[in-house]
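The next block holds one structure in the form of structure tokens; read it before the comments.
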Amino acid sequence: MKKNLLPVILIAGLIVLGVFLYNQDASKTKKSADNQIKIGIILGFTGPIESLAPVMAKSAELAIDEVNKSGNFMDGAQLMSVRADSTCVDAAAAQAAAERLITSDKVSAIMGADCSGVTTAVLKNVAMPNGILMISPSATSPALSTEPDNGLFFRTAPSDARQGEVIADLLMEKGFKTAALTHTNNDYGKGLAASIKSNYEAKGGTITISASHEDGKGDYSSEVAALAQASGDILIVAGYLDQGGKGIIQASLDADAFNKFFLPDGMIGDSLPKAIGPDLNGSIGSVPGTDSPGAAKYSELAKAAGFESGPYGPESYDAAALIMLAMEAAKSTDSNVFKNNVMDIANAPGEKIYPGELSKALNLIKEGKDIDYVGATALELVGSGESSGSFAEILIDNQKTNKVGYR
Amino acid sequence: MDFLNGITLIANYIIIPGLTYGSQLALGALGITIIYTVLRFSNFAHGEFMSFGTMTSILLTWLFSNLGIKLGIFPTAILVLPIAILITIFYCLIIDKFVFKFYRQQKSKSVITLIVSIGVMFFSGGLIRFIIGPGDKNFFDGERFILKAKTFKALTGLNEGLAIKTTQGVTIILTILLVFLLFWFLNKTKTGKSMRAYSDNQELALLSGINPEKVVLITWIITGTLACVAGTLYGLDKSYKPFTYLHLVLPIFAAAIVGGVGNPVGAIIGGFVIAFSELFITFAYKKIFYYLLPYEIVPNGLLQILSTDYKIAVSFIILVLVLLIKPTGIYKGKVI
């Protein structure tokens with residue numbers, strides 16, 4: 001018995017020592033992390049929009065880097081971003097990721113989430129109970145406008161209710177009286193399709209069929225077969241450009257079912273006309289956008305940082321910038337305090353702030369002057385804190401997406 | 001004339017796409033069936049093996065295009081297919097050596113190996129995204145159509161067009177060729193017969209001097225070939241995206257089970273049953289009735305049996321029905 005005692009004591013001693021050292025270590029890192037303010041970036045790095053998410057995250061981090069380099073933030077405090085995966089479709093996974101950001105990484109605010117379904121879930125079940133502010137760059141479901149949020153939720157993308165109006169106007173002006181409609185089977189697609197249908201029919205148009213399609217499949221011949229039988233002057237594809245939406249267009253062209261398409265925001269990107277080829281020329285679309293100089297400045301910044309601007313990149317930059325400017329204005333990193341400053345920062349009156357001018361904005365706030373954050377998307381927050389939505393009219397020509405007008 | 005229009009309509013929207021999609025599913029289901037009969041587990045990593053094969057084809061296509069080697073009106077991917085097949089087989093063999101071999105030697109239950117294959121699926125998916133990225137890749141080149149819808153209309157004077165894509169033609173021809181070769185190999189060659197013996201009764205086959213390692217090797221060679229060809233054809237016809245291939249496993253498994261697990265003929269039939277049932281049940285028959293019936297008696301609706309929303313449900317309803325009524329599948333396979 002005695003023989004065995006010594007090793008046991010030794011091991012116990014080692015464990016105690018180990019725990020003690022570990023705790024010391026942990027308290028050290030905790031201290032250094034205290035000066036560092038963390039912003040969570042929760043986007044769908046895997047899943048249906050995994051090809052868009054990297055640019056969105058980089059855009060948000062671009063804004064954070066810009067503020068860090070200026071050294072003007074909260075008397076020299078440094079910001080850090082923590083990425084997490086929303087998966088775009090799996091609400092449970094997104095909530096777990098957001099929970100981790102808040103409880104273990106201790107983020108002060110969240111830039112995200114991306115898709116409307118997971119954004120609603122994260123807001124309701126994680127952000128609100130924990131009192132953390134969220135600014136989504138890309139959740140556009142109309143349902144989010146009325147979702148109770150304790151003033152903690154904002155979005156730099158307009159609601160699809162507004163886009164439905166714009167699309168209906170555009171279609172009637174171009175003389176398309178009947179249209180077939182297909183939408184991706186999620187909150188975004190359903191919300192947008194309902195809004196297009198009600199607006200278009202109110203203006204005298206006819207939707208011959210409104211059918212959903214699933215993303216992440218390769219074969220869309222049966223969807224196109226049904227759409228083709230319903231027929232129409234134009235096919236409205238409320239989907240994603242590197243998902244079902246592209247598959248639907250390709251299959252329609254291959255079977256000679258439709259030759260004109262209307263492309264809402266999820267379908268706009270240079271990869272689509274490049275992939276489809278000249279057959280897409282002449283199709284029209286709409287995308288949140290402005291002719292304000294902010295968008296061009298943002299693209300330059302992105303290029304300088306080594307990446308190409310992509311869909312919802314500008315919105316992501318603006319979302320991150322808004323969070324930081326509001327923190328500075330409130331002189332606090334407590335979401336429940338700086339949530340009251342977001343609207344003031346984003347809207348007039350005040351000096352207009354474009355991308356690349358965050359350092360100047362921080363100085364102005366410090367001097368107690370008003371700013372009007374215009375950003376990359378000509379941001380103007382309305383209602384419960386969502387972008388008012390200026391839309392660019394798109395014409396696909398010469399295998400490029402060209403912005404031909406704004407409304 | 002109206003009758004011909006109706007026929008063309010069905011051919012354009014159902015027959016041709018159905019034959020193509022069915023061929024792709026059939027090739028995938030064959031791969032799963034062969035692994036199931038010989039190695040006795042359901043290989044959920046098959047979709048990722050297809051993805052891996054497609055990725056290799058894409059990388060080689062890019063290389064060949066850069067070198068200026070092309071195949072005229074046919075896609076370059078057909079030219080690089082043999083090399084891509086070799087690389088895919090190599091990958092399958094490496095996975096087998098480091099993962100599946102262990103469980104085979106332990107004589108693990110097939111459900112354990114199934115779970116292991118899910119692990120392999122996630123690993124392969126990660127590796128593929130690491131190499132080629134998650135984005136959409138279009139690697140089709142050459143002439144897009146064998147027969148354009150507009151050309152067909154001009155030729156025949158019909159109202160309805162019929163389009164046949166190059167990839168659709170290539171898919172159907174390559175599938176016929178590959179299936180023919182496979183059956184010849186399984187039924188006529190000595191190695192093929194030894195494989196069938198091994199799958200029928202392992203102990204007896206070992207006693208009669210069949211080398212199990214060789215059988216396993218041949219199995220992976222066949223699986224790798226089928227996976228690479230099926231994946232590349234699918235990617236050529238639609239487009240390549242790693243995420244899509246993860247979802248492809250479901251209809252492929254449905255095809256294999258509907259046809260009768262473990263029966264190669266069943267796998268092929270199953271592929272076409274799944275593809276055509278999806279198309280036939282969700283098709284809107286309005287226009288066809290306009291062509292075939294007097295105008296006045298055609299109802300105003302779309303005449304669709306089920307909305308396309310239920311497309312996936314269709315294959316699973318068939319799956320449930322088959323399992324309830326004939327658990328062995330259409331062709332007599334093994335009961336799971």
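Chain labels A, B, ... are given in the sequence in which chains occur in the structure tokens; within each chain residues are numbered consecutively from 1, and ligands are likewise numbered from 1 in the order shown.
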
Dump as number ranges by chain the residues of chain B that approach chain A to within 6 Å, counting only C-alpha atoms. B: 13, 135, 163, 238, 244, 279, 283-284, 287, 308-309

Would you pick out the contacts of Gly28 of chain B at 7 Å or less, using only C-alpha atoms, so that residues sharing its chain but fewer than 2 positions from it are not included, and give the list as a ChimeraX atom specification? /B:24-26,30-32,226-227,230,252

Taking the backbone alone, and naming residues the way the document does, which bits of segment 61-294 of chain B are alpha helix (DSSP H) by DSSP, as a compact mmCIF listing (two decimals) with C-alpha atoms, in the first residue's frame?
```txt
# COMPACT_ATOMS: atom_id res chain seq x y z
CA THR B 61 -8.82 20.08 -68.52
CA TRP B 62 -7.28 23.38 -67.45
CA LEU B 63 -3.79 21.95 -67.90
CA PHE B 64 -4.58 20.59 -71.36
CA SER B 65 -6.27 23.83 -72.44
CA ASN B 66 -3.19 25.75 -71.38
CA LEU B 67 -1.05 23.41 -73.43
CA THR B 76 -11.58 18.36 -73.50
CA ALA B 77 -12.73 16.56 -70.35
CA ILE B 78 -13.40 13.43 -72.44
CA LEU B 79 -9.76 13.43 -73.51
CA VAL B 80 -8.41 13.70 -69.98
CA LEU B 81 -10.90 11.19 -68.57
CA PRO B 82 -8.51 8.18 -68.64
CA ILE B 83 -5.87 10.04 -66.61
CA ALA B 84 -8.51 11.35 -64.21
CA ILE B 85 -9.81 7.79 -63.77
CA LEU B 86 -6.33 6.57 -62.84
CA ILE B 87 -5.92 9.32 -60.26
CA THR B 88 -9.38 8.63 -58.79
CA ILE B 89 -8.60 4.90 -58.53
CA PHE B 90 -5.34 5.81 -56.80
CA TYR B 91 -7.26 7.98 -54.31
CA CYS B 92 -9.79 5.19 -53.65
CA LEU B 93 -6.97 2.71 -53.04
CA ILE B 94 -5.20 5.05 -50.63
CA ILE B 95 -8.43 5.57 -48.68
CA LYS B 101 -8.77 -2.14 -44.80
CA PHE B 102 -8.57 -1.91 -41.03
CA TYR B 103 -12.30 -2.45 -40.60
CA ARG B 104 -12.30 -5.25 -43.16
CA GLN B 105 -9.59 -7.10 -41.24
CA SER B 110 -21.37 -3.29 -42.03
CA VAL B 111 -23.12 -0.52 -40.10
CA ILE B 112 -19.79 0.45 -38.52
CA THR B 113 -18.09 0.59 -41.90
CA LEU B 114 -21.04 2.68 -43.12
CA ILE B 115 -20.34 5.24 -40.40
CA VAL B 116 -16.65 5.11 -41.29
CA SER B 117 -17.60 5.87 -44.88
CA ILE B 118 -19.46 8.97 -43.68
CA GLY B 119 -16.20 10.05 -42.05
CA VAL B 120 -14.41 9.48 -45.34
CA MET B 121 -17.14 11.54 -47.02
CA PHE B 122 -16.47 14.56 -44.78
CA PHE B 123 -12.71 14.20 -45.11
CA SER B 124 -12.87 13.95 -48.89
CA GLY B 125 -15.27 16.90 -49.08
CA GLY B 126 -12.84 18.99 -47.05
CA LEU B 127 -9.88 17.92 -49.14
CA ILE B 128 -11.70 18.77 -52.37
CA ARG B 129 -12.71 22.22 -51.12
CA PHE B 130 -9.13 22.72 -49.97
CA ILE B 131 -7.77 21.94 -53.44
CA ILE B 132 -10.30 23.51 -55.79
CA ALA B 149 -34.03 23.88 -80.78
CA LYS B 150 -34.14 26.62 -83.42
CA THR B 151 -32.49 24.41 -86.04
CA PHE B 152 -34.97 21.66 -85.30
CA LYS B 153 -37.89 24.06 -85.72
CA ALA B 154 -36.52 25.30 -89.01
CA LEU B 155 -35.91 21.75 -90.26
CA THR B 156 -39.28 20.30 -89.39
CA THR B 166 -23.37 17.46 -76.78
CA THR B 167 -23.03 16.50 -73.13
CA GLN B 168 -26.34 14.66 -73.24
CA GLY B 169 -25.20 12.64 -76.25
CA VAL B 170 -21.80 11.96 -74.72
CA THR B 171 -23.37 10.94 -71.40
CA ILE B 172 -25.74 8.43 -72.95
CA ILE B 173 -23.13 6.90 -75.27
CA LEU B 174 -20.43 6.66 -72.59
CA THR B 175 -22.91 5.10 -70.15
CA ILE B 176 -23.93 2.43 -72.64
CA LEU B 177 -20.28 1.71 -73.39
CA LEU B 178 -19.26 1.52 -69.75
CA VAL B 179 -22.20 -0.64 -68.70
CA PHE B 180 -21.51 -2.99 -71.59
CA LEU B 181 -17.84 -3.29 -70.59
CA LEU B 182 -18.76 -3.85 -66.95
CA PHE B 183 -21.18 -6.66 -67.68
CA TRP B 184 -18.76 -8.28 -70.08
CA PHE B 185 -16.11 -8.15 -67.37
CA LEU B 186 -18.36 -9.51 -64.61
CA ASN B 187 -19.86 -12.32 -66.69
CA LYS B 188 -17.18 -13.39 -69.12
CA LYS B 190 -12.16 -15.08 -64.97
CA THR B 191 -11.46 -12.15 -62.65
CA GLY B 192 -15.06 -11.01 -62.95
CA LYS B 193 -16.33 -14.46 -62.12
CA SER B 194 -14.02 -14.69 -59.11
CA MET B 195 -15.44 -11.35 -57.92
CA ARG B 196 -18.96 -12.65 -58.18
CA ALA B 197 -17.96 -15.82 -56.36
CA TYR B 198 -16.37 -13.75 -53.60
CA SER B 199 -19.53 -11.69 -53.20
CA ASP B 200 -21.76 -14.77 -53.16
CA GLN B 202 -16.71 -15.29 -49.07
CA GLU B 203 -15.48 -18.38 -47.23
CA LEU B 204 -16.11 -20.72 -50.10
CA ALA B 205 -14.34 -18.38 -52.49
CA LEU B 206 -11.31 -18.20 -50.22
CA LEU B 207 -11.23 -22.00 -50.00
CA PRO B 212 -9.19 -11.60 -51.51
CA GLU B 213 -6.72 -8.73 -51.86
CA LYS B 214 -6.99 -8.97 -55.61
CA VAL B 215 -10.78 -8.93 -55.49
CA VAL B 216 -10.70 -5.82 -53.28
CA LEU B 217 -8.24 -4.16 -55.64
CA ILE B 218 -10.42 -4.87 -58.69
CA THR B 219 -13.50 -3.64 -56.83
CA TRP B 220 -11.90 -0.29 -56.11
CA ILE B 221 -10.64 -0.02 -59.68
CA ILE B 222 -14.19 -0.50 -60.98
CA THR B 223 -15.66 1.85 -58.35
CA GLY B 224 -13.07 4.52 -59.04
CA THR B 225 -13.70 4.32 -62.77
CA LEU B 226 -17.48 4.51 -62.37
CA ALA B 227 -17.26 7.34 -59.86
CA CYS B 228 -14.91 9.41 -62.00
CA VAL B 229 -16.93 8.95 -65.20
CA ALA B 230 -20.30 9.56 -63.50
CA GLY B 231 -19.02 12.66 -61.72
CA THR B 232 -17.34 14.13 -64.78
CA LEU B 233 -20.39 13.55 -66.99
CA TYR B 234 -22.65 15.11 -64.39
CA GLY B 235 -20.33 18.09 -63.99
CA LEU B 236 -20.04 18.54 -67.75
CA ASP B 237 -23.79 18.41 -68.27
CA PRO B 242 -18.64 20.43 -54.40
CA PHE B 243 -21.86 21.14 -52.49
CA THR B 244 -24.04 19.62 -55.24
CA TYR B 245 -22.19 16.33 -55.08
CA LEU B 246 -22.90 16.01 -51.38
CA HIS B 247 -26.62 16.08 -52.21
CA LEU B 248 -26.25 13.73 -55.16
CA VAL B 249 -25.70 10.78 -52.82
CA LEU B 250 -29.40 10.71 -51.86
CA PRO B 251 -30.99 10.08 -55.29
CA ILE B 252 -28.15 7.67 -56.09
CA PHE B 253 -28.88 5.61 -53.00
CA ALA B 254 -32.58 5.75 -53.77
CA ALA B 255 -31.80 4.43 -57.28
CA ALA B 256 -29.64 1.60 -55.95
CA ILE B 257 -32.27 0.52 -53.41
CA VAL B 258 -35.25 0.83 -55.77
CA GLY B 259 -33.45 -1.28 -58.36
CA PRO B 264 -26.07 -4.27 -61.19
CA VAL B 265 -29.00 -4.45 -63.62
CA GLY B 266 -31.26 -3.17 -60.85
CA ALA B 267 -28.98 -0.20 -60.23
CA ILE B 268 -29.31 0.88 -63.85
CA ILE B 269 -33.08 0.42 -63.94
CA GLY B 270 -33.33 2.20 -60.57
CA GLY B 271 -31.45 5.21 -61.93
CA PHE B 272 -33.88 5.61 -64.80
CA VAL B 273 -36.95 4.97 -62.60
CA ILE B 274 -35.91 7.77 -60.23
CA ALA B 275 -35.04 10.18 -63.05
CA PHE B 276 -38.20 9.61 -65.08
CA SER B 277 -40.60 9.53 -62.14
CA GLU B 278 -39.32 12.93 -61.02
CA LEU B 279 -39.95 14.30 -64.51
CA PHE B 280 -43.26 12.63 -65.32
CA ILE B 281 -44.99 13.37 -62.05
CA THR B 282 -44.00 17.02 -61.82
CA LYS B 286 -51.31 21.73 -70.21
CA LYS B 287 -49.63 22.28 -73.59
CA ILE B 288 -49.64 18.61 -74.53
CA PHE B 289 -53.39 18.44 -74.01
CA TYR B 290 -53.78 21.55 -76.15
CA TYR B 291 -52.03 19.71 -78.95
CA LEU B 292 -53.79 16.40 -78.54
```

Test item: residues at most 12 Å from Ala92 of chain A, only C-alpha atoms, excluding those fewer than 2 positions along its chain, as JSON, numbers by chain: {"A": [85, 86, 87, 88, 89, 90, 94, 95, 96, 97, 98, 99, 117, 118, 119, 120, 121, 122, 125, 126]}

Hey, what does DSSP flag as strand (DSSP E or B) within segment 96-158 of chain A? Can you give it to me as a PyMOL selection string? chain A and resi 109-112+133-136+153-158

Can you pull out the residues contacting segment 188-196 of chain A? Cut-off 6 Å, using only C-alpha atoms, and skip same-chain residues under 6 positions away; I want them as a PyMOL selection string. chain A and resi 116+141+160-161+164+238

Give me a file of those residues, with N, CA and C atoms, as a short mmCIF file (atom, residue, chain, number, x, y, z; two decimals), in the first residue's frame.
```
data_model
loop_
_atom_site.label_atom_id
_atom_site.label_comp_id
_atom_site.auth_asym_id
_atom_site.auth_seq_id
_atom_site.Cartn_x
_atom_site.Cartn_y
_atom_site.Cartn_z
N SER A 116 -31.80 34.87 -44.43
CA SER A 116 -32.87 35.37 -43.57
C SER A 116 -33.29 34.37 -42.50
N SER A 141 -35.43 39.21 -45.90
CA SER A 141 -36.82 38.76 -45.78
C SER A 141 -37.70 39.86 -45.18
N ASP A 160 -37.06 42.80 -48.94
CA ASP A 160 -37.50 42.39 -50.28
C ASP A 160 -38.85 42.96 -50.66
N ALA A 161 -39.60 43.45 -49.64
CA ALA A 161 -40.88 44.07 -49.95
C ALA A 161 -40.64 45.24 -50.90
N GLY A 164 -39.65 43.98 -54.43
CA GLY A 164 -40.81 43.51 -55.18
C GLY A 164 -41.46 44.65 -55.96
N ALA A 238 -35.97 34.10 -58.82
CA ALA A 238 -35.61 34.63 -57.51
C ALA A 238 -34.81 33.57 -56.76
#
```
